[in-house]
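A.B. asks: Below you'll find coords_4.cif; it's mmCIF, C-alpha atoms and all ligand atoms.
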data_data
#
loop_
_atom_site.group_PDB
_atom_site.id
_atom_site.type_symbol
_atom_site.label_atom_id
_atom_site.label_comp_id
_atom_site.auth_asym_id
_atom_site.auth_seq_id
_atom_site.Cartn_x
_atom_site.Cartn_y
_atom_site.Cartn_z
ATOM 1 C CA MET A 688 17.672 -4.709 -92.952
ATOM 2 C CA THR A 689 18.104 -5.838 -89.352
ATOM 3 C CA GLN A 690 18.745 -2.666 -87.365
ATOM 4 C CA ALA A 691 18.295 0.679 -89.114
ATOM 5 C CA ARG A 692 19.631 3.770 -87.357
ATOM 6 C CA ILE A 693 19.395 7.440 -88.249
ATOM 7 C CA TRP A 694 22.274 9.910 -88.232
ATOM 8 C CA PRO A 695 22.350 13.661 -88.949
ATOM 9 C CA VAL A 696 24.790 14.440 -91.765
ATOM 10 C CA GLY A 697 26.412 17.482 -93.293
ATOM 11 C CA GLU A 698 28.440 18.424 -96.329
ATOM 12 C CA GLU A 699 31.231 15.990 -95.345
ATOM 13 C CA MET A 700 28.934 13.227 -96.675
ATOM 14 C CA ALA A 701 28.178 14.955 -99.991
ATOM 15 C CA ALA A 702 29.841 12.297 -102.176
ATOM 16 C CA VAL A 703 28.103 9.381 -100.425
ATOM 17 C CA LEU A 704 24.741 11.153 -100.515
ATOM 18 C CA SER A 705 25.083 11.960 -104.198
ATOM 19 C CA ARG A 706 25.806 8.317 -105.050
ATOM 20 C CA LEU A 707 22.746 7.187 -103.100
ATOM 21 C CA HIS A 708 20.600 9.862 -104.748
ATOM 22 C CA ILE A 709 21.652 8.693 -108.209
ATOM 23 C CA THR A 710 20.826 5.074 -107.288
ATOM 24 C CA CYS A 711 17.405 6.019 -105.917
ATOM 25 C CA PHE A 712 16.259 8.362 -108.688
ATOM 26 C CA ASP A 713 17.507 6.351 -111.650
ATOM 27 C CA PRO A 714 14.328 5.952 -113.742
ATOM 28 C CA LEU A 715 12.417 8.905 -112.298
ATOM 29 C CA PRO A 716 12.101 12.388 -113.755
ATOM 30 C CA GLU A 717 13.746 14.182 -110.860
ATOM 31 C CA THR A 718 17.380 14.963 -111.683
ATOM 32 C CA PRO A 719 19.827 13.275 -109.281
ATOM 33 C CA TRP A 720 22.045 15.661 -107.358
ATOM 34 C CA SER A 721 25.779 15.758 -108.013
ATOM 35 C CA LYS A 722 28.297 15.888 -105.173
ATOM 36 C CA THR A 723 28.702 19.630 -105.782
ATOM 37 C CA ALA A 724 24.949 20.246 -105.725
ATOM 38 C CA MET A 725 24.633 18.155 -102.575
ATOM 39 C CA ARG A 726 27.388 20.118 -100.839
ATOM 40 C CA THR A 727 25.875 23.452 -101.862
ATOM 41 C CA ILE A 728 22.457 22.472 -100.525
ATOM 42 C CA LEU A 729 23.831 21.123 -97.249
ATOM 43 C CA ARG A 730 25.636 24.428 -96.685
ATOM 44 C CA MET A 731 22.450 26.495 -96.955
ATOM 45 C CA PRO A 732 21.312 28.027 -93.654
ATOM 46 C CA GLY A 733 18.581 25.984 -91.977
ATOM 47 C CA THR A 734 19.296 22.816 -93.951
ATOM 48 C CA ARG A 735 19.254 19.488 -92.094
ATOM 49 C CA GLY A 736 20.363 16.194 -93.587
ATOM 50 C CA TYR A 737 19.709 12.678 -92.265
ATOM 51 C CA VAL A 738 20.701 9.209 -93.368
ATOM 52 C CA ILE A 739 19.298 5.842 -92.369
ATOM 53 C CA GLY A 740 20.826 2.391 -92.517
ATOM 54 C CA GLU A 741 22.990 -0.015 -90.610
ATOM 55 C CA ALA A 742 26.144 2.092 -91.068
ATOM 56 C CA ARG A 743 26.424 5.862 -91.388
ATOM 57 C CA GLU A 744 29.020 5.643 -94.143
ATOM 58 C CA ALA A 745 26.877 3.237 -96.218
ATOM 59 C CA PRO A 746 23.387 4.730 -95.923
ATOM 60 C CA ARG A 747 20.295 3.205 -97.536
ATOM 61 C CA GLY A 748 18.090 6.274 -97.366
ATOM 62 C CA LEU A 749 18.414 10.018 -96.984
ATOM 63 C CA LEU A 750 16.271 13.045 -96.285
ATOM 64 C CA ILE A 751 17.282 16.667 -96.646
ATOM 65 C CA GLY A 752 14.972 19.343 -95.295
ATOM 66 C CA ARG A 753 15.151 23.018 -94.594
ATOM 67 C CA GLU A 754 13.552 25.125 -91.904
ATOM 68 C CA THR A 755 13.022 28.840 -92.457
ATOM 69 C CA ALA A 756 11.393 31.509 -90.312
ATOM 70 C CA GLU A 757 8.068 30.891 -92.094
ATOM 71 C CA ASP A 758 7.856 27.145 -92.592
ATOM 72 C CA ALA A 759 9.838 24.006 -93.424
ATOM 73 C CA GLU A 760 10.346 22.117 -96.662
ATOM 74 C CA ILE A 761 11.541 18.739 -97.784
ATOM 75 C CA LEU A 762 14.229 19.247 -100.412
ATOM 76 C CA THR A 763 14.676 15.563 -101.166
ATOM 77 C CA VAL A 764 13.966 12.141 -99.713
ATOM 78 C CA CYS A 765 14.882 8.752 -101.125
ATOM 79 C CA VAL A 766 15.441 5.136 -100.140
ATOM 80 C CA ALA A 767 17.465 2.484 -102.014
ATOM 81 C CA PRO A 768 15.239 0.275 -104.196
ATOM 82 C CA ASP A 769 16.045 -2.989 -102.379
ATOM 83 C CA VAL A 770 14.966 -1.715 -98.942
ATOM 84 C CA ARG A 771 11.752 0.114 -99.825
ATOM 85 C CA ARG A 772 8.474 -0.519 -97.949
ATOM 86 C CA HIS A 773 10.289 -1.159 -94.665
ATOM 87 C CA GLY A 774 9.368 2.194 -93.113
ATOM 88 C CA LEU A 775 12.724 3.910 -93.720
ATOM 89 C CA ALA A 776 11.228 7.023 -95.341
ATOM 90 C CA ARG A 777 8.637 7.245 -92.579
ATOM 91 C CA ASP A 778 11.439 7.091 -89.977
ATOM 92 C CA LEU A 779 13.416 9.798 -91.788
ATOM 93 C CA PHE A 780 10.368 12.075 -91.745
ATOM 94 C CA ALA A 781 9.914 11.411 -88.021
ATOM 95 C CA ALA A 782 13.535 12.445 -87.380
ATOM 96 C CA PHE A 783 13.150 15.704 -89.300
ATOM 97 C CA LEU A 784 9.786 16.505 -87.702
ATOM 98 C CA ALA A 785 11.284 15.947 -84.245
ATOM 99 C CA ASP A 786 13.956 18.569 -84.969
ATOM 100 C CA ILE A 787 11.825 21.388 -86.394
ATOM 101 C CA ALA A 788 9.354 23.698 -84.658
ATOM 102 C CA PRO A 789 6.261 21.672 -83.685
ATOM 103 C CA ASP A 790 3.916 24.193 -85.315
ATOM 104 C CA ALA A 791 5.899 24.452 -88.580
ATOM 105 C CA ARG A 792 4.017 23.867 -91.812
ATOM 106 C CA LEU A 793 5.938 21.385 -93.957
ATOM 107 C CA VAL A 794 5.817 21.663 -97.758
ATOM 108 C CA LEU A 795 7.257 19.618 -100.616
ATOM 109 C CA GLU A 796 6.960 18.974 -104.331
ATOM 110 C CA VAL A 797 6.391 15.630 -106.008
ATOM 111 C CA ALA A 798 5.997 14.591 -109.632
ATOM 112 C CA VAL A 799 2.331 13.914 -110.449
ATOM 113 C CA ASP A 800 3.209 10.425 -111.708
ATOM 114 C CA ASN A 801 5.281 9.394 -108.655
ATOM 115 C CA ASP A 802 2.518 7.261 -107.147
ATOM 116 C CA GLY A 803 4.633 5.624 -104.430
ATOM 117 C CA ALA A 804 5.903 8.934 -103.062
ATOM 118 C CA ILE A 805 2.417 10.477 -103.214
ATOM 119 C CA ARG A 806 1.062 7.545 -101.193
ATOM 120 C CA LEU A 807 3.841 8.019 -98.656
ATOM 121 C CA TYR A 808 3.053 11.726 -98.277
ATOM 122 C CA GLU A 809 -0.692 11.078 -97.991
ATOM 123 C CA SER A 810 0.021 8.547 -95.249
ATOM 124 C CA LEU A 811 1.955 11.264 -93.407
ATOM 125 C CA GLY A 812 -0.915 13.762 -93.621
ATOM 126 C CA PHE A 813 0.176 15.893 -96.595
ATOM 127 C CA GLN A 814 -2.502 17.502 -98.758
ATOM 128 C CA GLU A 815 -2.305 19.108 -102.185
ATOM 129 C CA ILE A 816 -2.081 22.927 -102.164
ATOM 130 C CA GLY A 817 -0.934 23.624 -105.722
ATOM 131 C CA ARG A 818 0.620 22.439 -108.942
ATOM 132 C CA ARG A 819 3.705 23.528 -110.906
ATOM 133 C CA PRO A 820 3.363 22.786 -114.640
ATOM 134 C CA ALA A 821 6.260 21.012 -116.408
ATOM 135 C CA TYR A 822 8.423 21.162 -113.287
ATOM 136 C CA TYR A 823 10.434 17.945 -113.593
ATOM 137 C CA GLY A 824 12.308 16.256 -116.373
ATOM 138 C CA GLY A 825 14.334 17.068 -119.413
ATOM 139 C CA GLY A 826 14.993 15.857 -122.901
ATOM 140 C CA GLY A 827 11.512 16.626 -124.134
ATOM 141 C CA THR A 828 9.287 15.022 -121.519
ATOM 142 C CA ARG A 829 8.257 17.329 -118.709
ATOM 143 C CA VAL A 830 6.085 16.359 -115.776
ATOM 144 C CA ASP A 831 3.974 18.565 -113.516
ATOM 145 C CA ALA A 832 4.731 18.767 -109.807
ATOM 146 C CA LEU A 833 2.140 18.687 -107.071
ATOM 147 C CA VAL A 834 2.828 21.001 -104.154
ATOM 148 C CA LEU A 835 1.824 19.311 -100.910
ATOM 149 C CA ALA A 836 1.668 20.672 -97.375
ATOM 150 C CA ARG A 837 1.313 19.162 -93.935
ATOM 151 C CA THR A 838 -0.005 21.427 -91.193
ATOM 152 C CA PRO A 839 0.312 20.156 -87.634
ATOM 153 C CA GLU A 840 -2.870 19.615 -85.637
ATOM 154 C CA PRO A 841 -3.448 22.451 -83.178
ATOM 155 C CA SER A 842 -2.333 21.441 -79.695
ATOM 156 C CA ASN A 843 -5.024 21.077 -77.013
ATOM 157 C CA THR A 844 -2.638 21.839 -74.194
HETATM 158 C C1 LIG B 1 9.091 7.291 -102.017
HETATM 159 C C2 LIG B 1 10.130 6.540 -101.192
HETATM 160 C C3 LIG B 1 11.083 7.566 -100.548
HETATM 161 C C4 LIG B 1 9.431 5.746 -100.083
HETATM 162 O O1 LIG B 1 10.419 5.165 -99.251
HETATM 163 P P1 LIG B 1 10.089 3.864 -98.373
HETATM 164 O O2 LIG B 1 11.148 3.721 -97.352
HETATM 165 O O3 LIG B 1 9.858 2.710 -99.271
HETATM 166 O O4 LIG B 1 8.703 4.281 -97.691
HETATM 167 P P2 LIG B 1 8.109 3.653 -96.350
HETATM 168 O O5 LIG B 1 8.439 2.193 -96.288
HETATM 169 O O6 LIG B 1 8.514 4.482 -95.183
HETATM 170 O O7 LIG B 1 6.548 3.803 -96.623
HETATM 171 C C5 LIG B 1 5.654 4.320 -95.657
HETATM 172 C C6 LIG B 1 4.252 4.274 -96.241
HETATM 173 O O8 LIG B 1 4.169 5.081 -97.421
HETATM 174 C C7 LIG B 1 3.341 4.439 -98.414
HETATM 175 N N1 LIG B 1 4.159 4.009 -99.547
HETATM 176 C C8 LIG B 1 5.506 4.134 -99.671
HETATM 177 N N2 LIG B 1 5.913 3.669 -100.878
HETATM 178 C C9 LIG B 1 4.796 3.252 -101.522
HETATM 179 C C10 LIG B 1 4.576 2.676 -102.800
HETATM 180 N N3 LIG B 1 5.569 2.443 -103.674
HETATM 181 N N4 LIG B 1 3.308 2.362 -103.136
HETATM 182 C C11 LIG B 1 2.275 2.585 -102.292
HETATM 183 N N5 LIG B 1 2.440 3.138 -101.044
HETATM 184 C C12 LIG B 1 3.686 3.463 -100.671
HETATM 185 C C13 LIG B 1 2.728 3.233 -97.692
HETATM 186 O O9 LIG B 1 1.569 3.687 -97.022
HETATM 187 C C14 LIG B 1 3.815 2.893 -96.696
HETATM 188 O O10 LIG B 1 3.346 2.163 -95.588
HETATM 189 P P3 LIG B 1 3.197 0.551 -95.696
HETATM 190 O O11 LIG B 1 4.436 0.006 -96.361
HETATM 191 O O12 LIG B 1 3.058 0.140 -94.265
HETATM 192 O O13 LIG B 1 1.983 0.315 -96.533
HETATM 193 C C15 LIG B 1 10.952 5.530 -102.071
HETATM 194 O O14 LIG B 1 10.036 4.741 -102.820
HETATM 195 C C16 LIG B 1 11.904 6.203 -103.033
HETATM 196 O O15 LIG B 1 13.034 6.497 -102.671
HETATM 197 N N6 LIG B 1 11.472 6.444 -104.282
HETATM 198 C C17 LIG B 1 12.350 7.037 -105.292
HETATM 199 C C18 LIG B 1 12.728 8.447 -104.943
HETATM 200 C C19 LIG B 1 11.499 9.315 -104.784
HETATM 201 O O16 LIG B 1 10.546 9.216 -105.536
HETATM 202 N N7 LIG B 1 11.565 10.211 -103.770
HETATM 203 C C20 LIG B 1 10.500 11.177 -103.532
HETATM 204 C C21 LIG B 1 10.600 12.304 -104.513
HETATM 205 S S1 LIG B 1 9.446 13.600 -104.176
#
Would you mind giving the structure from this file in structure tokens?

C.D. replies:
Amino acid sequence: MTQARIWPVGEEMAAVLSRLHITCFDPLPETPWSKTAMRTILRMPGTRGYVIGEAREAPRGLLIGRETAEDAEILTVCVAPDVRRHGLARDLFAAFLADIAPDARLVLEVAVDNDGAIRLYESLGFQEIGRRPAYYGGGGTRVDALVLARTPEPSNT
């Protein structure tokens, strides 16, 4: 990928985002989001969506987060398999963090066996705060979720 850019997106991109989500989550336990699910989530108050790639209409990664009065959460993040380990997820997190309150605690869930994502979150300063048993999956195999949180460093100014 030569020049990746980030764009904010809304429900108008629901179909494109759903297709990318399905591509990214293919063998993993998390259920990919349909176009309808994507649109519903992007309509929720406080939700922010971002895509990254060379063209907004053909994104290679996406992040959807939500900011509430209490804290912020990552609802989903994914990058296409052929462009992983190029910093796209890290850049998507930076875009979301730049748009939310600087003192907001950021929480997310991740499957306990999703080693790559866990490494990403650790590299961004997330720490485990809980566990949800049998949270992901279907068809007989269920996988626990770790609940991770990232609390900003207190400002010295
Ligand atoms: C997890 C995921 C979003 C990471 O996207 P990415 O663009 O490849 O991540 P980045 O390139 O920004 O990685 C930043 C850092 O995170 C860590 N990291 C990311 N993926 C990793 C992996 N597979 N193994 C080990 N460390 C990894 C590394 O420290 C990496 O820095 P480095 O490449 O300089 O060593 C991507 O693998 C993905 O879409 N996976 C499938 C969907 C998914 O699991 N989403 C999260 C659900 S909770």

A.B. asks: Hey, can you check how far atom CA of A:Arg692 sits from atom CA of A:Ala767?

C.D. replies: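 Between atom CA of A:Arg692 and atom CA of A:Ala767 the gap works out to 14.9 Å.
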
A.B. asks: Within 10 Å of ligand LIG 1 (chain B), which residues show up when you count all atoms listed in the file? List them as an MDAnalysis selection string, please.

C.D. replies: chainID A and resid 707:717 719 739 747:750 761:780 795:811 832:834

A.B. asks: With all atoms listed in the file as the atoms that count, which of A:Arg743, A:Arg753, A:Arg726, A:Arg837 lies nearest to A:Glu699?

C.D. replies: A:Arg726

A.B. asks: Would you mind reading off the distance between atom CA of A:Ala745 and atom CA of A:Ala781, one decimal, in Å?

C.D. replies: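 Rounded to one decimal, the two atoms are 20.5 Å apart.
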
A.B. asks: Any idea what the distance is between atom CA of A:Phe783 and atom CA of A:Thr838?

C.D. replies: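 We find that atom CA of A:Phe783 and atom CA of A:Thr838 lie 14.5 Å from each other.
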
A.B. asks: What residues come out when you apply the PyMOL selection byres (((chain A and resi 702) around 12) and not hetatm) to this file, written as a ChimeraX atom specification?

C.D. replies: /A:696-701,703-709,720-727,729,744-746

A.B. asks: Which is closest to A:Arg829 among A:Ile787, A:Gly733, A:Gly812, A:Thr718, if we use all atoms listed in the file?

C.D. replies: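 Ranked by minimum distance to A:Arg829, first place goes to A:Thr718.
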
A.B. asks: Using all atoms listed in the file, find the one residue out of A:Ala759, A:Ile816, A:Ala691, A:Met731 that sits nearest to A:Arg792.

C.D. replies: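 Among the listed residues, the smallest separation from A:Arg792 belongs to A:Ala759.
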
A.B. asks: For A:Asp786, which residue among A:Thr755, A:Phe813, A:Arg735, A:Ile728 is the nearest when counting only C-alpha atoms?

C.D. replies: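 Result for the nearest residue to A:Asp786: A:Arg735.
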
A.B. asks: Once 5 Å is added on each side, what centre and edge lengths in Å to one decimal does the axis-aligned box around all listed atoms of stretch 785-794 of chain A have, as AutoDock Vina command-line options?

C.D. replies:
--center_x 8.9 --center_y 20.2 --center_z -90.7 --size_x 20.0 --size_y 18.5 --size_z 24.1

A.B. asks: For A:Pro841, please output as number ranges by chain all residues within 12 Å (counting all atoms listed in the file; exclusion window: fewer than 4 positions along the same chain).

C.D. replies: A: 789-792

A.B. asks: Looking at A:Val738, A:Met688, A:Glu757, A:Gln814, which one is nearest to A:Ala788, with distances taken over all atoms listed in the file?

C.D. replies: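 That would be A:Glu757, the residue with the smallest distance to A:Ala788.
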